[in-house]
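Q: Below is the structure I would like to discuss, written out as structure tokens.
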Amino acid sequence: MGNRLDYTYRRLVNILGPDRVSRSHFETFLYSHDFAAIPKIAAVQFKFEPDFVVLPRTTEEVVRLVRFEGENLLPLVPRGGGTGLYGGSVPNRGGILVDFRKMNRVIKVDPQTRTMMVEAGATWQEAYDRAWTAGLFLPVYPYFALGSTIGGWIASGGVGIGAYKYGTSRDILLNAEVVLEDGTTVQTASDRLDLGTADLNLGSLYWGSEGTLGILTRVTLRLSPRPEEIRPLAYAFPSIEDAVPALRDLAASPVTPYHVGLVDASHLEFLKAVHWEAPEPSGIVSVTLEGPKDECAEGEKVVDALMRENEGGKLAGETAKALWGERLYQYPTRRISRGLVICEGIVPLAKFSDALEETREVQRRMGMEVGIHAALVDANSVAIYPYFLDDATSPMPPARLGFVVKFRKITMDLGGHPLGVGLFMVFNVPAMHGNAYRYFRPIKEALDPNERLNPGKMHEIRTRFRFPGLRRVPLMIAPIPLRALGGAKRIASSIRVRDKFQRKYASRGGKR
Amino acid sequence: MGLVRDLKLVQDATAIPALREVVREHLIRALFVRDERALPKDVVRILRQKADVVVRVKDEVEVREVVRIVNGEQTTVNLGRPADEFHYYRTRLGLAKDQPWGVSTKPSTLVTYDWIVPPQGGIQVDLSAFDEVEVDGVNYAARLGAGAKWKALYDRAGELGMLPSVYPSVPVDVAVADGIVGDAKFRSYASPFVSAVYDVRGVAANGMRVNCGFEYVPNHATGYNLKDLAVQFGADFLVPTYVWLRLLARPPVLKNLTFGFDDPAKVAAALDKLSRNGRPCTWLNLADERGWGLVHPGSPPGPIGVEVGVGGNEVLVAARTKALETAMAGFTAKGEAPPPWDAKPADYTKNAEKIARLLFVGEIIAPAAKLGAAIEKIRAIGASKGVRAGFFGNARDNGHVYVSPYFEAARDLARTYDLSRAVAEAVRSLGEASFDSRLSLLWNADPHFLRRVALLLKLESALDLANAIEPAARLEPEPVELFPGGVA
């Protein structure tokens with residue numbers, strides 16, 4: 001094995017040069033997790049540390065890597081900014097980890113066609129800034145825009161800022177250059193035309209595929225005209241449950257906000273623990289308007305009126321601006337612990353109150369501190385993000401992880417679904433998709449028959465072992481340990497055992 | 001849109017690289033116009049096939065029943081096929097992928113023309129009677145049976161103070177699911193069809209019901225994007241039964257403002273400018289004089305008519321109208337007309353039938369700035385071919401126009417082919433533009449496009465391993481009968 005890895009290393013150095021290939025333990029360790037806190041004990045089952053970390057600079061280098069990978073049979077795991085929450089860019093069986101952050105050029109911004117051609121490793125913040133400088137506007141970007149890469153977020157298919165008015169990254173994706181498993185490249189559509197579904201546009205096939213069907217190396221995004229104004233507004237309610245009628249009125253109003261964020265008192269309590277200047281805990285609805293100045297002014301009047309009718313108090317403009325300014329820094333509380341577990345799910349707006357109530361009930365039963373914030377995805381649905389503190393350096397899995405399974409069930413029972421698949425949430429897929437889950441394996445087998453690209457994810461959980469019986473974790477039993485942890489936490493809560501985070505949180509002035 | 005049927009036959013027939021270069025174009029023409037003298041015998045056999053039976057289904061249960069019959073789970077004796085053969089091959093061994101016998105879907109309305117390859121025997125499901133429309137008034141979404149007409153949705157949603165989030169590109173009386181199984185196009189000024197669909201439910205090749213999305217929420221970050229795949233290629237791997245479409249709140253004031261232009265270049269400049277001002281519109285349609293007359297009762301505002309849906313409260317509509325008039329510099333007339341969708345169902349159907357008699361060949365996608373050139377080229381084609389030519393079109397906030405040229409000519413296959421070819425050539429000469437039609441897919445020889453075709457074919461055969469849904473024609477010589485008449 002050692003000889004084979006030495007040979008692989010030499011071949012990789014031949015392709016990329018010694019500076020962009022690493023096998024040092026320190027570096028591979030850094031790449032063995034993403035934003036989520038992974039319990040150390042999980043390393044018994046998975047080999048999170050890649051054998052090699054490589055940093056290609058061009059599509060040609062990625063093509064050579066994929067072709068070489070075909071010879072050595074090590075898995076190839078693409079990785080963007082590492083801001084994923086479920087291990088989508090974390091290896092499960094070692095292999096070659098391809099870090100795209102050296103492929104970070106904004107190749108072209110064309111004001112005439114309102115398009116931007118950008119490499120997959122550029123961050124959304126860089127792309128946003130370049131568009132803005134060129135007099136254009138990148139309308140959709142993730143909450144982790146500072147670190148999240150273009151290719152990474154498109155491959156994860158997530159929800160972000162601007163979803164209410166502009167949809168998702170799929171809606172602005174004109175073309176993608178994808179390296180296929182056989183080392184060829186394909187353009188999914190056109191760089192200059194928004195083809196929609198014409199000409200067999202395959203862009204949407206790679207959206208949300210988490211690098212398991214092909215590797216995105218370059219994309220062309222559709223930009224919007226730069227708005228005359230971006231006007232954030234904020235309204236306080238006793239709780240976000242009380243804001244639900246106002247949200248329904250907003251959905252029925254003639255105003256289409258750019259973004260609607262919802263902050264629960266629990267989130268603000270967490271923020272208070274690290275930022276004394278955070279707003280006082282309450283339910284806050286943050287409505288951001290964008291467009292011509294006169295439309296924003298009229299929009300503000302309409303939104304003010306409907307919030308007032310629903311007993312929402314308007315917050316000072318400075319507070320609204322501060323909340324909008326903090327949109328990319330949602331989790332400063334991470335500094336209290338050494339990790340954070342964020343759950344994500346979408347439910348119909350009509351069921352939002354039920355989702356909050358049930359989430360709080362689970363939180364109460366498990367005796368946990370859970371911060372909640374949310375955002376409207378469209379007039380019909382809302383994305384909820386409950387999160388809790390965790391210590392990623394602890395060797396044992398925290399009992400709090402049981403909350404993840406409970407929250408997943410809440411979203412699905414209410415007609416919604418959890419967000420994200422990655423490595424750790426694959427067990428959600430059969431329940432989420434029902435019979436359609438049967439299509440997942442054929443899709444993977446058709447487009448990556450030799451299972452080279454980010455294998456063992458999306459439709460299965462593959463472990464580090466190669467023995468029959470241990471190769472995979474059956475999806476049916478994958479959530480059982482988490483459920484057991486949830487049960488343990490509930491029992492601990494009932495006998496009033498306070499964990500260290502509760503103590504730490506209380507010492508910071510958090511309320512219970 | 002059932003793309004695989006035609007693509008696969010043409011690919012198989014031109015499998016030898018030398019032939020691909022030499023005969024592809026001629027072969028496509030001969031296939032399309034059914035020129036049997038120019039085609040090999042085995043291809044003619046494929047073109048003469050037809051469905052053994054056409055079933056007009058009324059609900060999902062009947063669709064499942066049909067797929068079960070195809071799978072041999074119900075008797076197929078009545079259809080002249082031994083049940084055990086299909087049951088055994090399809091469900092146990094998967095060998096029936098070599099049997100081009102299965103279930104195919106029949107769209108309610110075809111805007112352009114039929115597929116080259118007819119159903120290769122088997123059962124054809126006619127979805128037009130499956131016309132359920134359900135709008136619950138709570139969620140901004142509608143559940144539509146695969147045969148439910150868009151106009152029925154518009155009327156039902158309107159009763160509950162809602163609007164569909166997309167409109168038909170050509171005001172033909174199409175079903176929403178025709179965007180999946182047929183060639184209908186839907187869009188609004190802000191949204192393409194694919195973004196307006198929450199979920200496509202269908203019956204898979206194994207007879208099971210499959211939801212490719214989520215009924216009342218979008219499918220973000222849930223793994224492979226099956227919903228978009230189903231909207232684009234769903235008819236190739238399942239029989240669609242229901243579509244969940246996003247709806248919008250109907251604004252308190254909704255006006256349909258009309259503008260007349262006499263110079264195509266001025267419309268092009270106006271639409272380009274409009275797309276850059278950041279003002280929302282609900283729809284933006286354009287049509288030539290004749291096309292306008294087919295949709296609206298009054299006289300056309302000019303040789304080129306543009307209608308823009310502007311919604312909001314009084315103040316927003318006033319601001320948007322003013323901005324619109326500024327952007328639409330160069331118009332010769334302006335006014336207001338009732339939205340074409342507000343016509344009574346009988347009148348709408350009557351108009352739609354008149355429009356459906358025109359010969360449509362596909363849709364031109366181009367930047368708005370190229371609209372003038374596109375219109376000139378359509379007119380030139382009409383003049384050179386001796387037919388009256390016109391167009392319907394839409395524009396979107398992405399700065400693109402989507403123009404459907406029409407010709408007042410009989411729907412003759414040879415004429416359709418020649419006009420399609422002429423439009424494709426014209427689009428090519430425009431530069432940054434694309435011609436979206438089933439024929440143009442067959443002509444496209446771009447290497448990246450061909451790679452996409454290869455990926456699509458792989459995907460289709462993986463998702464429908466038993467080749468039960470829209471079975472592709474199998475191109476092979478007829479088996480030689482060693483003992484004609486049987487052995488005594």
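Each chain in the structure tokens gets a letter, A, B, ..., in the order shown, and its residues are numbered from 1; ligands are numbered from 1 in order too.
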DSSP on the backbone, alpha helix (DSSP H) only: what residues of stretch 300-486 of chain B does that give? Format it as a ChimeraX atom specification.
A: /B:314-327,345-356,371-385,413-430,438-443,447-463
Q: For A:Asp391, list every protein, DNA or RNA residue within 6 Å, evaluated using only C-alpha atoms, and leave out those in the same chain fewer than 5 positions away; present the list as a list in words.
A: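 So, after excluding close chain neighbours, the residues are Ser337, Arg338 and Gly339 of chain A.
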Q: Choose the residue, out of B:Ala287, B:Ala468, B:Cys281, B:Ala346, that has the smallest atom-to-atom separation from B:Val317; count only C-alpha atoms.
A: B:Cys281
Q: Nearest residue to A:Leu173 out of A:Gly434, A:Gly420, A:Pro468, A:Gly203, using only C-alpha atoms?
A: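 The closest residue to A:Leu173 is A:Gly203.
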Q: Please tabulate, as CSV, the residues of chain B that come within 7 Å of chain A, each with its closest pair of atoms and the distance in Å to one decimal, counting only C-alpha atoms and ordering rows by chain, then residue number upward.
A:
```
residue,atom,partner,partner_atom,distance
B:Asn139,CA,A:Asn380,CA,6.1
B:Tyr140,CA,A:Asn380,CA,5.6
B:Arg209,CA,A:Asn435,CA,6.9
B:Val210,CA,A:Ala436,CA,5.2
B:Asn211,CA,A:Ala436,CA,6.1
B:Cys212,CA,A:Ala436,CA,6.1
B:Tyr216,CA,A:Pro348,CA,6.2
B:Val217,CA,A:Ser381,CA,5.6
B:His220,CA,A:Gly158,CA,5.6
B:Ala221,CA,A:Gly157,CA,4.6
B:Thr222,CA,A:Gly420,CA,5.8
B:Gly223,CA,A:Gly208,CA,5.6
B:Tyr224,CA,A:Ser209,CA,5.2
B:Asn225,CA,A:Leu205,CA,5.9
B:Asp228,CA,A:Ser204,CA,6.5
B:Leu229,CA,A:Leu205,CA,6.7
B:Gln232,CA,A:Thr197,CA,6.3
B:Ala249,CA,A:Ala252,CA,5.0
B:Pro251,CA,A:Pro254,CA,5.2
B:Arg276,CA,A:Pro225,CA,5.7
B:Gly278,CA,A:Gly291,CA,6.0
B:Gly312,CA,A:Pro254,CA,4.7
B:Asn313,CA,A:Pro254,CA,6.3
B:Leu316,CA,A:Glu295,CA,6.6
B:Asp436,CA,A:Ala198,CA,5.8
B:Leu441,CA,A:Asp199,CA,6.6
B:His448,CA,A:Val186,CA,5.5
B:Arg451,CA,A:Val186,CA,6.6
B:Arg452,CA,A:Leu200,CA,6.7
B:Lys458,CA,A:Ala446,CA,5.8
B:Leu459,CA,A:Ala446,CA,5.7
B:Ala462,CA,A:Pro442,CA,5.3
B:Leu463,CA,A:Pro442,CA,6.1
```
Q: Take the residues just selected and output them with N, CA and C atoms as an mmCIF file, in the first residue's frame.
A:
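Final output, again-v4.cif:
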```cif
data_model
loop_
_atom_site.group_PDB
_atom_site.id
_atom_site.type_symbol
_atom_site.label_atom_id
_atom_site.label_comp_id
_atom_site.auth_asym_id
_atom_site.auth_seq_id
_atom_site.Cartn_x
_atom_site.Cartn_y
_atom_site.Cartn_z
ATOM 1 N N ASN B 139 -52.264 27.309 0.071
ATOM 2 C CA ASN B 139 -50.920 27.298 -0.502
ATOM 3 C C ASN B 139 -50.942 27.995 -1.856
ATOM 4 N N TYR B 140 -49.873 28.668 -2.159
ATOM 5 C CA TYR B 140 -49.769 29.292 -3.478
ATOM 6 C C TYR B 140 -49.256 28.255 -4.475
ATOM 7 N N ARG B 209 -45.868 4.863 -8.217
ATOM 8 C CA ARG B 209 -46.020 6.320 -8.266
ATOM 9 C C ARG B 209 -44.739 6.963 -7.774
ATOM 10 N N VAL B 210 -44.318 7.993 -8.473
ATOM 11 C CA VAL B 210 -43.044 8.643 -8.135
ATOM 12 C C VAL B 210 -43.261 10.145 -8.068
ATOM 13 N N ASN B 211 -42.883 10.742 -6.946
ATOM 14 C CA ASN B 211 -42.891 12.199 -6.855
ATOM 15 C C ASN B 211 -41.462 12.688 -7.076
ATOM 16 N N CYS B 212 -41.268 13.441 -8.145
ATOM 17 C CA CYS B 212 -39.900 13.874 -8.454
ATOM 18 C C CYS B 212 -39.515 15.162 -7.708
ATOM 19 N N TYR B 216 -45.522 21.149 -2.161
ATOM 20 C CA TYR B 216 -45.745 22.564 -1.867
ATOM 21 C C TYR B 216 -44.481 23.301 -1.458
ATOM 22 N N VAL B 217 -43.339 22.706 -1.627
ATOM 23 C CA VAL B 217 -42.077 23.397 -1.327
ATOM 24 C C VAL B 217 -41.067 23.072 -2.434
ATOM 25 N N HIS B 220 -34.861 22.218 -3.078
ATOM 26 C CA HIS B 220 -33.460 22.589 -2.891
ATOM 27 C C HIS B 220 -32.722 21.599 -1.990
ATOM 28 N N ALA B 221 -31.473 21.320 -2.375
ATOM 29 C CA ALA B 221 -30.547 20.542 -1.541
ATOM 30 C C ALA B 221 -31.135 19.224 -1.066
ATOM 31 N N THR B 222 -31.742 18.494 -1.968
ATOM 32 C CA THR B 222 -32.293 17.191 -1.588
ATOM 33 C C THR B 222 -31.653 16.071 -2.406
ATOM 34 N N GLY B 223 -30.482 16.313 -2.903
ATOM 35 C CA GLY B 223 -29.812 15.291 -3.711
ATOM 36 C C GLY B 223 -30.001 15.575 -5.183
ATOM 37 N N TYR B 224 -30.034 14.528 -5.984
ATOM 38 C CA TYR B 224 -30.157 14.718 -7.426
ATOM 39 C C TYR B 224 -31.448 15.463 -7.751
ATOM 40 N N ASN B 225 -31.339 16.369 -8.706
ATOM 41 C CA ASN B 225 -32.441 17.274 -9.021
ATOM 42 C C ASN B 225 -33.451 16.575 -9.945
ATOM 43 N N ASP B 228 -36.294 18.857 -11.929
ATOM 44 C CA ASP B 228 -35.941 19.509 -13.191
ATOM 45 C C ASP B 228 -35.731 18.474 -14.292
ATOM 46 N N LEU B 229 -35.175 17.351 -13.885
ATOM 47 C CA LEU B 229 -34.968 16.264 -14.843
ATOM 48 C C LEU B 229 -36.317 15.797 -15.403
ATOM 49 N N GLN B 232 -37.756 18.351 -17.832
ATOM 50 C CA GLN B 232 -37.062 18.346 -19.131
ATOM 51 C C GLN B 232 -37.256 17.041 -19.897
ATOM 52 N N ALA B 249 -49.873 35.678 -5.801
ATOM 53 C CA ALA B 249 -51.046 36.464 -5.405
ATOM 54 C C ALA B 249 -51.395 37.415 -6.546
ATOM 55 N N PRO B 251 -52.276 40.786 -7.919
ATOM 56 C CA PRO B 251 -52.158 42.128 -7.350
ATOM 57 C C PRO B 251 -53.494 42.865 -7.431
ATOM 58 N N ARG B 276 -33.277 46.214 -18.489
ATOM 59 C CA ARG B 276 -32.187 46.760 -17.662
ATOM 60 C C ARG B 276 -32.678 47.739 -16.602
ATOM 61 N N GLY B 278 -34.862 47.170 -14.124
ATOM 62 C CA GLY B 278 -35.133 46.569 -12.815
ATOM 63 C C GLY B 278 -36.591 46.632 -12.378
ATOM 64 N N GLY B 312 -49.622 45.588 -9.267
ATOM 65 C CA GLY B 312 -49.179 46.226 -8.029
ATOM 66 C C GLY B 312 -50.330 46.975 -7.418
ATOM 67 N N ASN B 313 -50.030 47.885 -6.472
ATOM 68 C CA ASN B 313 -51.099 48.776 -6.012
ATOM 69 C C ASN B 313 -51.136 49.996 -6.947
ATOM 70 N N LEU B 316 -47.665 51.764 -7.241
ATOM 71 C CA LEU B 316 -46.636 50.977 -7.941
ATOM 72 C C LEU B 316 -46.951 50.864 -9.432
ATOM 73 N N ASP B 436 -34.930 26.497 -30.935
ATOM 74 C CA ASP B 436 -35.346 25.390 -30.077
ATOM 75 C C ASP B 436 -36.499 24.640 -30.737
ATOM 76 N N LEU B 441 -32.609 19.849 -32.819
ATOM 77 C CA LEU B 441 -31.776 18.962 -32.004
ATOM 78 C C LEU B 441 -31.131 17.891 -32.882
ATOM 79 N N HIS B 448 -20.103 19.464 -27.918
ATOM 80 C CA HIS B 448 -20.612 19.447 -26.541
ATOM 81 C C HIS B 448 -22.071 19.010 -26.512
ATOM 82 N N ARG B 451 -22.116 15.327 -26.776
ATOM 83 C CA ARG B 451 -21.788 14.694 -25.495
ATOM 84 C C ARG B 451 -22.995 14.704 -24.564
ATOM 85 N N ARG B 452 -23.749 15.794 -24.627
ATOM 86 C CA ARG B 452 -24.958 15.858 -23.782
ATOM 87 C C ARG B 452 -25.965 14.799 -24.236
ATOM 88 N N LYS B 458 -27.617 7.664 -21.968
ATOM 89 C CA LYS B 458 -27.185 6.781 -20.871
ATOM 90 C C LYS B 458 -28.161 6.876 -19.703
ATOM 91 N N LEU B 459 -28.525 8.103 -19.411
ATOM 92 C CA LEU B 459 -29.403 8.350 -18.279
ATOM 93 C C LEU B 459 -30.767 7.712 -18.507
ATOM 94 N N ALA B 462 -30.718 4.059 -18.115
ATOM 95 C CA ALA B 462 -30.550 3.634 -16.719
ATOM 96 C C ALA B 462 -31.850 3.814 -15.929
ATOM 97 N N LEU B 463 -32.594 4.872 -16.235
ATOM 98 C CA LEU B 463 -33.809 5.138 -15.465
ATOM 99 C C LEU B 463 -34.974 4.267 -15.911
#
```
Q: Looking only at the backbone, which of the residues in stretch 239-287 of chain A does DSSP tag as strand (DSSP E), as a VMD selection string?
A: chain A and resid 259 to 263 283 to 287
Q: Keeping only N, CA and C atoms, write the selected residues as a CSV table (one decimal), in the first residue's frame.
A:
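Generated output (selection24.csv):
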```csv
chain,number,residue,atom,x,y,z
A,259,HIS,N,-35.4,39.8,0.0
A,259,HIS,CA,-35.1,38.7,1.0
A,259,HIS,C,-35.9,39.0,2.2
A,260,VAL,N,-36.4,37.9,2.8
A,260,VAL,CA,-37.1,38.0,4.1
A,260,VAL,C,-36.5,37.0,5.1
A,261,GLY,N,-35.8,37.6,6.1
A,261,GLY,CA,-35.2,36.8,7.1
A,261,GLY,C,-36.0,36.8,8.4
A,262,LEU,N,-35.9,35.8,9.1
A,262,LEU,CA,-36.7,35.7,10.4
A,262,LEU,C,-35.7,35.3,11.5
A,263,VAL,N,-35.7,36.1,12.6
A,263,VAL,CA,-34.8,35.8,13.7
A,263,VAL,C,-35.6,35.5,14.9
A,283,GLY,N,-39.0,38.2,18.4
A,283,GLY,CA,-39.1,37.7,17.0
A,283,GLY,C,-38.9,38.9,16.1
A,284,ILE,N,-37.9,38.8,15.2
A,284,ILE,CA,-37.7,39.9,14.3
A,284,ILE,C,-37.8,39.4,12.8
A,285,VAL,N,-38.6,40.2,12.1
A,285,VAL,CA,-38.8,39.9,10.6
A,285,VAL,C,-37.9,41.0,9.9
A,286,SER,N,-37.0,40.5,9.1
A,286,SER,CA,-36.1,41.5,8.4
A,286,SER,C,-36.5,41.4,6.9
A,287,VAL,N,-37.1,42.5,6.4
A,287,VAL,CA,-37.5,42.5,5.0
A,287,VAL,C,-36.6,43.4,4.2
```
Q: What's around B:Lys151 at 10 Å? Count only C-alpha atoms, leave out sequence neighbours fewer than 2 positions away in its own chain, and write the answer as number ranges by chain.
A: B: 148-149, 153-157, 164, 167-168, 171-176, 341-345, 348-349
Q: Put those residues in a file: C-alpha atoms, as a short mmCIF file (atom, residue, chain, number, x, y, z; two decimals), in the first residue's frame.
A:
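Result file follows (selection_12.cif):
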```
data_model
loop_
_atom_site.label_atom_id
_atom_site.label_comp_id
_atom_site.auth_asym_id
_atom_site.auth_seq_id
_atom_site.Cartn_x
_atom_site.Cartn_y
_atom_site.Cartn_z
CA ALA B 148 -55.53 20.00 -17.25
CA LYS B 149 -55.55 23.02 -19.52
CA LEU B 153 -55.95 26.82 -14.09
CA TYR B 154 -55.95 30.55 -14.85
CA ASP B 155 -59.69 30.79 -14.32
CA ARG B 156 -59.70 28.69 -11.15
CA ALA B 157 -56.74 30.54 -9.63
CA PRO B 164 -50.35 31.27 -12.45
CA TYR B 167 -48.12 31.79 -19.22
CA PRO B 168 -48.16 29.90 -22.52
CA PRO B 171 -51.86 31.42 -26.77
CA VAL B 172 -52.82 27.92 -27.85
CA ASP B 173 -55.12 25.96 -25.55
CA VAL B 174 -52.42 23.73 -24.10
CA ALA B 175 -52.32 21.62 -20.97
CA VAL B 176 -49.68 22.50 -18.38
CA TRP B 341 -56.22 35.11 -20.79
CA ASP B 342 -59.31 36.89 -19.45
CA ALA B 343 -61.40 35.87 -22.46
CA LYS B 344 -64.35 33.58 -21.77
CA PRO B 345 -63.32 29.91 -22.04
CA TYR B 348 -60.32 31.57 -25.71
CA THR B 349 -60.71 28.09 -27.17
#
```
Q: Have a look at atom CA of A:Ala243 and atom CA of A:Thr359 and let me know their distance in Å, one decimal.
A: 16.8 Å
Q: So which residues touch A:Val219 within 7 Å, counting only C-alpha atoms, skipping near sequence neighbours fewer than 2 positions away, as a PyMOL selection string?
A: chain A and resi 117-120+175-177+217+221
Q: Determine, counting only C-alpha atoms, which protein, DNA and RNA residues have an atom within 8 Å of an atom of B:Val387; residues of the same chain fewer than 3 positions away are not included. Present the result as a list in words.
A: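 Those residues are Gly382, Ala383, Ser384, Phe407, Glu408 and Ala409 of chain B.
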Q: Restricting it to C-alpha atoms, dump the selection as a PDB file, in the first residue's frame.
A:
```pdb
ATOM      1  CA  GLY B 382     -42.104  34.021 -45.711  1.00  0.00           C
ATOM      2  CA  ALA B 383     -41.485  36.132 -48.797  1.00  0.00           C
ATOM      3  CA  SER B 384     -39.021  33.694 -50.309  1.00  0.00           C
ATOM      4  CA  PHE B 407     -46.487  30.481 -41.348  1.00  0.00           C
ATOM      5  CA  GLU B 408     -49.939  30.501 -42.884  1.00  0.00           C
ATOM      6  CA  ALA B 409     -49.541  27.264 -44.760  1.00  0.00           C
TER       7      ALA B 409
END
```
Q: To one decimal place in Å, what is the distance between atom CA of B:Thr282 and atom CA of B:Gly145?
A: 24.8 Å
Q: Counting only C-alpha atoms, what is within 12 Å of B:Asn394, bar same-chain residues fewer than 5 positions away, as a PyMOL selection string?
A: chain B and resi 166-171+185-192+268+271+281-287+305-309+363-368+371+399-405
Q: Quick one: distance from atom CA of B:Ser434 to atom CA of B:Ala373 in Å, one decimal?
A: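 Atom-to-atom, atom CA of B:Ser434 to atom CA of B:Ala373, that is 13.6 Å.
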Q: Between A:Val21, A:Leu146, A:Ile384, A:Ile38, which is the closest to A:Gly81 once you count only C-alpha atoms?
A: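 That would be A:Leu146, the residue with the smallest distance to A:Gly81.
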